[in-house]
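Shown here: coords31.cif, mmCIF, C-alpha atoms.
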data_target
#
loop_
_atom_site.label_atom_id
_atom_site.label_comp_id
_atom_site.auth_asym_id
_atom_site.auth_seq_id
_atom_site.Cartn_x
_atom_site.Cartn_y
_atom_site.Cartn_z
CA MET D 1 18.57 -16.23 -19.16
CA SER D 2 20.62 -17.45 -22.13
CA ALA D 3 18.38 -20.53 -22.27
CA LEU D 4 15.66 -18.10 -23.38
CA ALA D 5 17.70 -16.73 -26.27
CA GLU D 6 16.25 -19.46 -28.52
CA PRO D 7 12.84 -18.19 -29.70
CA ASN D 8 11.05 -21.55 -29.37
CA ARG D 9 12.24 -21.95 -25.81
CA LEU D 10 11.01 -18.48 -24.85
CA GLN D 11 7.72 -19.46 -26.44
CA ILE D 12 7.54 -22.63 -24.34
CA VAL D 13 8.19 -20.59 -21.21
CA GLU D 14 5.43 -18.17 -22.17
CA LEU D 15 3.02 -21.08 -22.72
CA LEU D 16 3.89 -22.60 -19.36
CA ARG D 17 3.49 -19.23 -17.67
CA ARG D 18 -0.23 -19.55 -18.34
CA LYS D 19 -0.53 -23.12 -17.08
CA PRO D 20 1.40 -26.36 -16.63
CA LEU D 21 1.29 -28.58 -19.71
CA ALA D 22 2.20 -32.09 -20.83
CA VAL D 23 4.82 -32.45 -23.58
CA GLY D 24 2.13 -33.48 -26.08
CA GLU D 25 0.17 -30.30 -25.44
CA ILE D 26 3.25 -28.16 -26.01
CA VAL D 27 3.98 -30.03 -29.26
CA GLU D 28 0.43 -29.38 -30.40
CA ARG D 29 0.36 -25.69 -29.52
CA LEU D 30 3.70 -24.81 -31.04
CA GLY D 31 3.47 -27.06 -34.09
CA LEU D 32 6.98 -28.40 -33.45
CA HIS D 33 8.17 -32.01 -33.49
CA GLN D 34 8.19 -33.93 -30.23
CA PRO D 35 12.00 -34.56 -30.19
CA GLN D 36 12.58 -30.81 -30.68
CA VAL D 37 10.25 -29.92 -27.83
CA SER D 38 11.81 -32.56 -25.57
CA LYS D 39 15.25 -31.16 -26.31
CA HIS D 40 14.11 -27.61 -25.52
CA LEU D 41 12.49 -28.79 -22.28
CA ARG D 42 15.71 -30.52 -21.30
CA VAL D 43 17.68 -27.27 -21.81
CA LEU D 44 15.06 -25.30 -19.91
CA SER D 45 15.00 -27.69 -17.00
CA GLU D 46 18.82 -27.82 -16.84
CA ALA D 47 18.75 -24.01 -16.71
CA GLY D 48 16.33 -24.26 -13.79
CA LEU D 49 13.53 -22.51 -15.65
CA VAL D 50 11.01 -25.36 -15.72
CA GLU D 51 10.37 -28.42 -13.59
CA VAL D 52 8.60 -31.68 -14.35
CA ARG D 53 6.14 -33.69 -12.32
CA PRO D 54 4.79 -37.09 -13.36
CA VAL D 55 0.98 -37.29 -13.21
CA GLY D 56 -0.16 -40.80 -14.10
CA GLN D 57 1.32 -41.55 -17.53
CA LEU D 58 1.99 -37.89 -18.27
CA ARG D 59 4.97 -35.75 -17.53
CA ILE D 60 3.64 -32.29 -16.67
CA TYR D 61 5.99 -29.37 -17.13
CA ARG D 62 5.64 -26.13 -15.26
CA ILE D 63 7.57 -22.93 -14.60
CA ARG D 64 9.68 -22.64 -11.50
CA ALA D 65 8.70 -19.60 -9.42
CA GLN D 66 12.25 -18.26 -9.62
CA ALA D 67 12.06 -18.32 -13.42
CA LEU D 68 8.92 -16.19 -13.41
CA LYS D 69 10.82 -13.62 -11.44
CA GLU D 70 13.48 -13.62 -14.14
CA LEU D 71 10.97 -13.08 -16.96
CA ASP D 72 9.63 -10.13 -14.99
CA THR D 73 13.18 -8.88 -14.73
CA TRP D 74 13.36 -9.05 -18.53
CA LEU D 75 10.16 -7.01 -18.88
CA ASP D 76 10.89 -4.57 -16.08
CA PRO D 77 13.02 -1.95 -17.88
CA TYR D 78 10.41 -1.76 -20.65
CA ARG D 79 7.68 -1.41 -18.04
CA ARG D 80 9.64 1.33 -16.30
CA THR D 81 9.93 3.30 -19.56
CA TRP D 82 6.13 3.38 -19.78
CA ASP D 83 5.72 4.03 -16.08
CA GLU D 84 7.96 7.08 -16.35
CA ARG D 85 6.06 8.32 -19.40
CA PHE D 86 2.72 7.84 -17.66
CA ASP D 87 3.91 9.57 -14.47
CA GLN D 88 4.63 12.60 -16.65
CA LEU D 89 1.19 12.25 -18.25
CA ASP D 90 -0.27 12.26 -14.72
CA ASP D 91 1.28 15.69 -14.16
CA VAL D 92 -0.17 17.01 -17.43
CA LEU D 93 -3.62 15.66 -16.47
CA ARG D 94 -3.41 17.31 -13.06
CA ASP D 95 -2.66 20.67 -14.73
CA LEU D 96 -5.54 20.23 -17.18
CA LYS D 97 -7.95 19.47 -14.34
CA GLU D 98 -6.72 22.52 -12.36
CA LYS D 99 -7.24 24.79 -15.38
CA ASP D 100 -10.69 23.33 -15.94
CA LYS D 101 -11.59 23.97 -12.30
CA GLY D 102 -10.28 27.55 -12.58
CA LYS D 103 -12.45 28.17 -15.62
CA ARG D 104 -15.57 26.85 -13.90
CA ASN D 105 -14.89 28.95 -10.78
CA GLY D 106 -14.35 31.97 -13.02
CA ARG D 107 -17.73 31.48 -14.62
CA ARG D 108 -19.43 31.34 -11.24
CA LYS D 109 -18.10 34.74 -10.21
CA MET T 1 10.00 15.98 -12.44
CA ALA T 2 6.91 13.83 -12.23
CA ALA T 3 5.68 12.89 -8.78
CA ALA T 4 5.46 9.20 -7.97
CA SER T 5 1.98 8.03 -8.83
CA GLU T 6 -0.29 5.80 -6.80
CA TYR T 7 -1.00 3.97 -10.06
CA LYS T 8 1.43 1.52 -11.57
CA THR T 9 1.87 0.51 -15.18
CA LYS T 10 1.31 -3.15 -16.00
CA VAL T 11 3.00 -4.88 -18.92
CA THR T 12 2.04 -8.35 -20.13
CA LEU T 13 2.69 -10.48 -23.22
CA PRO T 14 -0.71 -11.83 -24.29
CA SER T 15 0.70 -13.50 -27.42
CA ASP T 16 3.97 -13.90 -29.34
CA ARG T 17 3.55 -10.71 -31.31
CA GLU T 18 1.96 -8.46 -28.71
CA ILE T 19 2.71 -6.30 -25.72
CA LEU T 20 -0.16 -5.10 -23.57
CA ILE T 21 0.34 -2.02 -21.41
CA THR T 22 -2.30 -0.84 -18.92
CA ARG T 23 -2.47 2.07 -16.53
CA GLU T 24 -5.18 3.90 -14.63
CA PHE T 25 -5.38 7.69 -14.48
CA ASP T 26 -7.24 9.92 -12.06
CA ALA T 27 -8.95 11.95 -14.79
CA PRO T 28 -11.99 11.57 -17.07
CA ARG T 29 -11.18 10.07 -20.44
CA ASP T 30 -11.87 13.21 -22.51
CA VAL T 31 -9.04 14.87 -20.55
CA VAL T 32 -6.70 11.90 -21.10
CA PHE T 33 -7.66 11.82 -24.77
CA LYS T 34 -6.88 15.53 -25.12
CA ALA T 35 -3.41 14.99 -23.63
CA MET T 36 -2.83 12.33 -26.30
CA ILE T 37 -3.80 14.39 -29.35
CA ASP T 38 -2.57 17.88 -28.43
CA PRO T 39 1.00 18.56 -29.71
CA ALA T 40 1.76 21.05 -26.90
CA LEU T 41 0.78 18.44 -24.32
CA ILE T 42 2.42 15.41 -26.01
CA SER T 43 5.79 17.13 -25.88
CA ARG T 44 5.41 17.43 -22.09
CA TRP T 45 4.95 13.73 -21.32
CA TRP T 46 5.81 11.43 -24.21
CA GLY T 47 9.60 11.45 -24.09
CA PRO T 48 11.84 9.94 -21.42
CA ARG T 49 12.46 11.99 -18.29
CA GLY T 50 15.21 14.54 -18.84
CA HIS T 51 14.68 14.53 -22.62
CA THR T 52 13.26 17.36 -24.67
CA THR T 53 10.60 16.14 -27.07
CA ARG T 54 9.56 18.20 -30.08
CA VAL T 55 6.55 17.48 -32.25
CA ASP T 56 7.67 17.71 -35.86
CA LYS T 57 4.40 16.48 -37.33
CA MET T 58 1.08 15.56 -35.79
CA GLU T 59 -1.81 15.25 -38.22
CA VAL T 60 -4.45 13.73 -35.99
CA ARG T 61 -6.73 12.11 -38.60
CA PRO T 62 -6.82 8.70 -40.29
CA GLY T 63 -3.89 8.58 -42.72
CA GLY T 64 -2.19 11.55 -41.04
CA ALA T 65 1.49 11.37 -40.14
CA TRP T 66 3.15 11.94 -36.78
CA ARG T 67 6.83 12.44 -35.99
CA TYR T 68 8.47 13.32 -32.67
CA ILE T 69 12.12 14.18 -32.08
CA SER T 70 13.50 13.45 -28.65
CA GLY T 71 16.88 13.77 -26.93
CA THR T 72 18.87 15.40 -24.15
CA SER T 73 20.82 17.48 -26.71
CA ALA T 74 21.22 17.84 -30.48
CA ALA T 75 23.95 15.18 -30.33
CA ASP T 76 21.70 12.34 -29.15
CA GLU T 77 18.42 13.32 -30.78
CA THR T 78 16.43 10.50 -32.28
CA ALA T 79 13.12 10.46 -34.13
CA PHE T 80 9.97 8.35 -33.91
CA ARG T 81 7.27 8.35 -36.52
CA GLY T 82 4.12 6.70 -37.71
CA GLU T 83 0.69 7.13 -39.18
CA TYR T 84 -2.71 7.49 -37.57
CA ARG T 85 -5.09 4.74 -38.64
CA GLU T 86 -8.14 5.49 -36.55
CA ILE T 87 -9.23 8.32 -34.26
CA LYS T 88 -12.40 7.88 -32.26
CA ALA T 89 -12.72 10.58 -29.58
CA PRO T 90 -12.52 10.02 -26.67
CA GLU T 91 -12.15 6.25 -26.70
CA ARG T 92 -9.71 4.95 -29.30
CA ILE T 93 -6.55 5.82 -31.21
CA VAL T 94 -4.90 3.38 -33.61
CA GLN T 95 -1.49 4.42 -34.93
CA THR T 96 1.68 2.86 -36.26
CA PHE T 97 4.98 3.26 -34.44
CA GLU T 98 8.48 3.18 -35.85
CA TRP T 99 11.82 4.25 -34.41
CA GLU T 100 13.76 5.82 -37.30
CA PRO T 101 17.14 4.15 -36.56
CA MET T 102 15.28 0.81 -36.78
CA ALA T 103 13.08 1.77 -39.72
CA GLY T 104 10.94 -1.03 -41.10
CA HIS T 105 10.24 -2.57 -37.68
CA ILE T 106 6.73 -1.21 -37.34
CA SER T 107 4.17 -1.92 -34.66
CA VAL T 108 0.48 -1.07 -34.71
CA ASP T 109 -0.51 0.48 -31.38
CA THR T 110 -4.13 0.56 -30.30
CA ALA T 111 -4.90 2.83 -27.35
CA THR T 112 -8.27 2.23 -25.69
CA LEU T 113 -9.70 4.51 -23.01
CA ILE T 114 -12.37 3.26 -20.63
CA GLU T 115 -13.87 5.61 -18.04
CA ARG T 116 -15.09 4.42 -14.66
CA ASP T 117 -16.12 6.73 -11.77
CA GLY T 118 -14.29 9.68 -13.31
CA ARG T 119 -11.09 7.65 -13.74
CA THR T 120 -9.66 6.32 -16.96
CA LEU T 121 -8.18 2.93 -17.70
CA LEU T 122 -5.80 3.27 -20.63
CA THR T 123 -4.81 0.13 -22.51
CA VAL T 124 -2.16 0.17 -25.23
CA ARG T 125 -1.91 -2.98 -27.30
CA SER T 126 1.22 -3.10 -29.48
CA LEU T 127 1.07 -5.61 -32.31
CA PHE T 128 4.36 -6.43 -34.05
CA ALA T 129 5.04 -8.08 -37.41
CA SER T 130 7.00 -10.88 -35.74
CA LYS T 131 7.99 -12.23 -32.38
CA GLU T 132 11.58 -11.11 -33.08
CA ASP T 133 10.40 -7.53 -33.56
CA ARG T 134 8.44 -7.64 -30.33
CA ASP T 135 11.33 -9.09 -28.35
CA GLY T 136 13.61 -6.47 -29.89
CA MET T 137 11.30 -3.76 -28.56
CA VAL T 138 11.30 -5.23 -25.05
CA GLN T 139 15.08 -5.58 -25.30
CA SER T 140 15.52 -1.92 -26.28
CA GLY T 141 13.94 -1.05 -22.93
CA MET T 142 16.49 -3.27 -21.27
CA GLU T 143 19.36 -1.50 -23.02
CA LYS T 144 18.01 1.84 -21.92
CA GLY T 145 17.56 0.56 -18.38
CA LEU T 146 21.10 -0.74 -18.47
CA ALA T 147 22.39 2.61 -19.71
CA GLU T 148 20.58 4.35 -16.84
CA THR T 149 22.09 1.90 -14.39
CA HIS T 150 25.52 2.67 -15.79
CA ASP T 151 24.80 6.40 -15.45
CA ARG T 152 23.78 5.96 -11.84
CA PHE T 153 26.88 3.86 -11.22
CA ALA T 154 29.07 6.58 -12.74
CA GLU T 155 27.39 9.18 -10.51
CA LEU T 156 27.95 7.02 -7.48
CA LEU T 157 31.62 6.61 -8.35
CA ALA T 158 31.99 10.38 -8.76
CA GLU T 159 30.40 10.90 -5.33
CA LEU T 160 32.66 8.33 -3.72
CA ARG T 161 35.70 9.94 -5.30
CA ALA T 162 34.62 13.36 -4.02
CA GLU T 163 34.09 11.94 -0.52
CA THR T 164 37.49 10.28 -0.53
CA ARG T 165 39.12 13.54 -1.57
CA SER T 166 37.40 15.61 1.14
CA GLY T 167 38.16 12.89 3.71
CA ALA T 168 41.86 13.06 2.84
CA ARG T 169 41.97 16.79 3.51
#

So that I can check it, write out the structure of this file as structure tokens.
Amino acid sequence: MSALAEPNRLQIVELLRRKPLAVGEIVERLGLHQPQVSKHLRVLSEAGLVEVRPVGQLRIYRIRAQALKELDTWLDPYRRTWDERFDQLDDVLRDLKEKDKGKRNGRRK
Amino acid sequence: MAAASEYKTKVTLPSDREILITREFDAPRDVVFKAMIDPALISRWWGPRGHTTRVDKMEVRPGGAWRYISGTSAADETAFRGEYREIKAPERIVQTFEWEPMAGHISVDTATLIERDGRTLLTVRSLFASKEDRDGMVQSGMEKGLAETHDRFAELLAELRAETRSGAR
């Protein structure tokens, strides 16, 4: 994951998560210079995060499935924090609904 | 302790400066909204499991301040604060979020509630000032997760030690 420590490289990975792109498209979207982007892509591909496939004249970069798993691993603890919070909210909502039901039953009597 | 829910929280990164969190709840949205603006209810669900969360301030109106204090004991208490920007019952709350030890790193959180068939889809969109701030927030979750892992590891070691001792007897 240390290949992702550089902000531009993480940004490239996030772009490629959405769809495979040619180098030129990455250059355009990030507003970086081509040599910079090529260097980042080289680091990313050496780290096994992206792979390249020639399509005609273009070299199309895309994320390796394993790398996606790693990005999810990065997000997972944050996701779990919210999941835990929302599980507790679920309990509160259940209580509120019970009370509401009780009130309505009470009125019927 | 909260029961495991059939619903799962989804987290995505729609842009460099955002985190998008979504979760469905089996309750109408006026009930979910109430749980989000009532201080007595917030303290029951907002903090991490095992923490006590106190509401120090909760002025639910545009421009109003909020501040929660959370911890397992006085020694590790930490405070979160922010300001309400918009309150539109029962569909939208916009508020800022700041963790006091990292003051100045502020996100704007927009909670949107959509009701469908008596259930509510809650979306929280956190917008940060920079990509670094956003990544720092994701990372803080990782540190907490790591700390929990270490805690579990310590518990496991204690259990193993106890087992070894009783086995030796």

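Distances from T:His105, T:Arg81, T:Arg29, T:Lys10 to T:Phe128 were compared using all atoms listed in the file, and the smallest one belongs to T:His105.
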
Residues selected by the PyMOL selection byres ((chain T and resi 39-43) around 7), written as an mmCIF file with C-alpha atoms, in the coordinates of the input:
data_model
loop_
_atom_site.group_PDB
_atom_site.id
_atom_site.type_symbol
_atom_site.label_atom_id
_atom_site.label_comp_id
_atom_site.auth_asym_id
_atom_site.auth_seq_id
_atom_site.Cartn_x
_atom_site.Cartn_y
_atom_site.Cartn_z
ATOM 1 C CA ALA T 35 -3.410 14.990 -23.630
ATOM 2 C CA MET T 36 -2.830 12.330 -26.300
ATOM 3 C CA ILE T 37 -3.800 14.390 -29.350
ATOM 4 C CA ASP T 38 -2.570 17.880 -28.430
ATOM 5 C CA ARG T 44 5.410 17.430 -22.090
ATOM 6 C CA TRP T 45 4.950 13.730 -21.320
ATOM 7 C CA TRP T 46 5.810 11.430 -24.210
ATOM 8 C CA THR T 53 10.600 16.140 -27.070
ATOM 9 C CA ARG T 54 9.560 18.200 -30.080
ATOM 10 C CA VAL T 55 6.550 17.480 -32.250
ATOM 11 C CA MET T 58 1.080 15.560 -35.790
#

Requested in this report: Would you kindly translate the PyMOL selection byres ((chain D) within 12 of (chain T)) into the concrete residues it picks from this file, as a VMD selection string?
Outcome: chain D and resid 4 to 8 10 to 15 17 to 18 30 71 to 100

Report task. Could you state which residues are captured by the PyMOL selection byres ((chain T and resi 69) around 7) in this file, as a list in words? Result -> Thr53, Arg54, Val55, Asp56, Arg67, Tyr68, Ser70, Glu77, Thr78, Ala79 and Phe80 of chain T

With C-alpha atoms kept, could you save the residues just selected as a tab-separated table (two decimals), in the frame of the given file?
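Full text of out15.tsv as output:
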chain	number	residue	atom	x	y	z
T	53	THR	CA	10.60	16.14	-27.07
T	54	ARG	CA	9.56	18.20	-30.08
T	55	VAL	CA	6.55	17.48	-32.25
T	56	ASP	CA	7.67	17.71	-35.86
T	67	ARG	CA	6.83	12.44	-35.99
T	68	TYR	CA	8.47	13.32	-32.67
T	70	SER	CA	13.50	13.45	-28.65
T	77	GLU	CA	18.42	13.32	-30.78
T	78	THR	CA	16.43	10.50	-32.28
T	79	ALA	CA	13.12	10.46	-34.13
T	80	PHE	CA	9.97	8.35	-33.91

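Here atom CA of T:Pro90 stands at a distance of 14.4 Å from atom CA of T:Val124.
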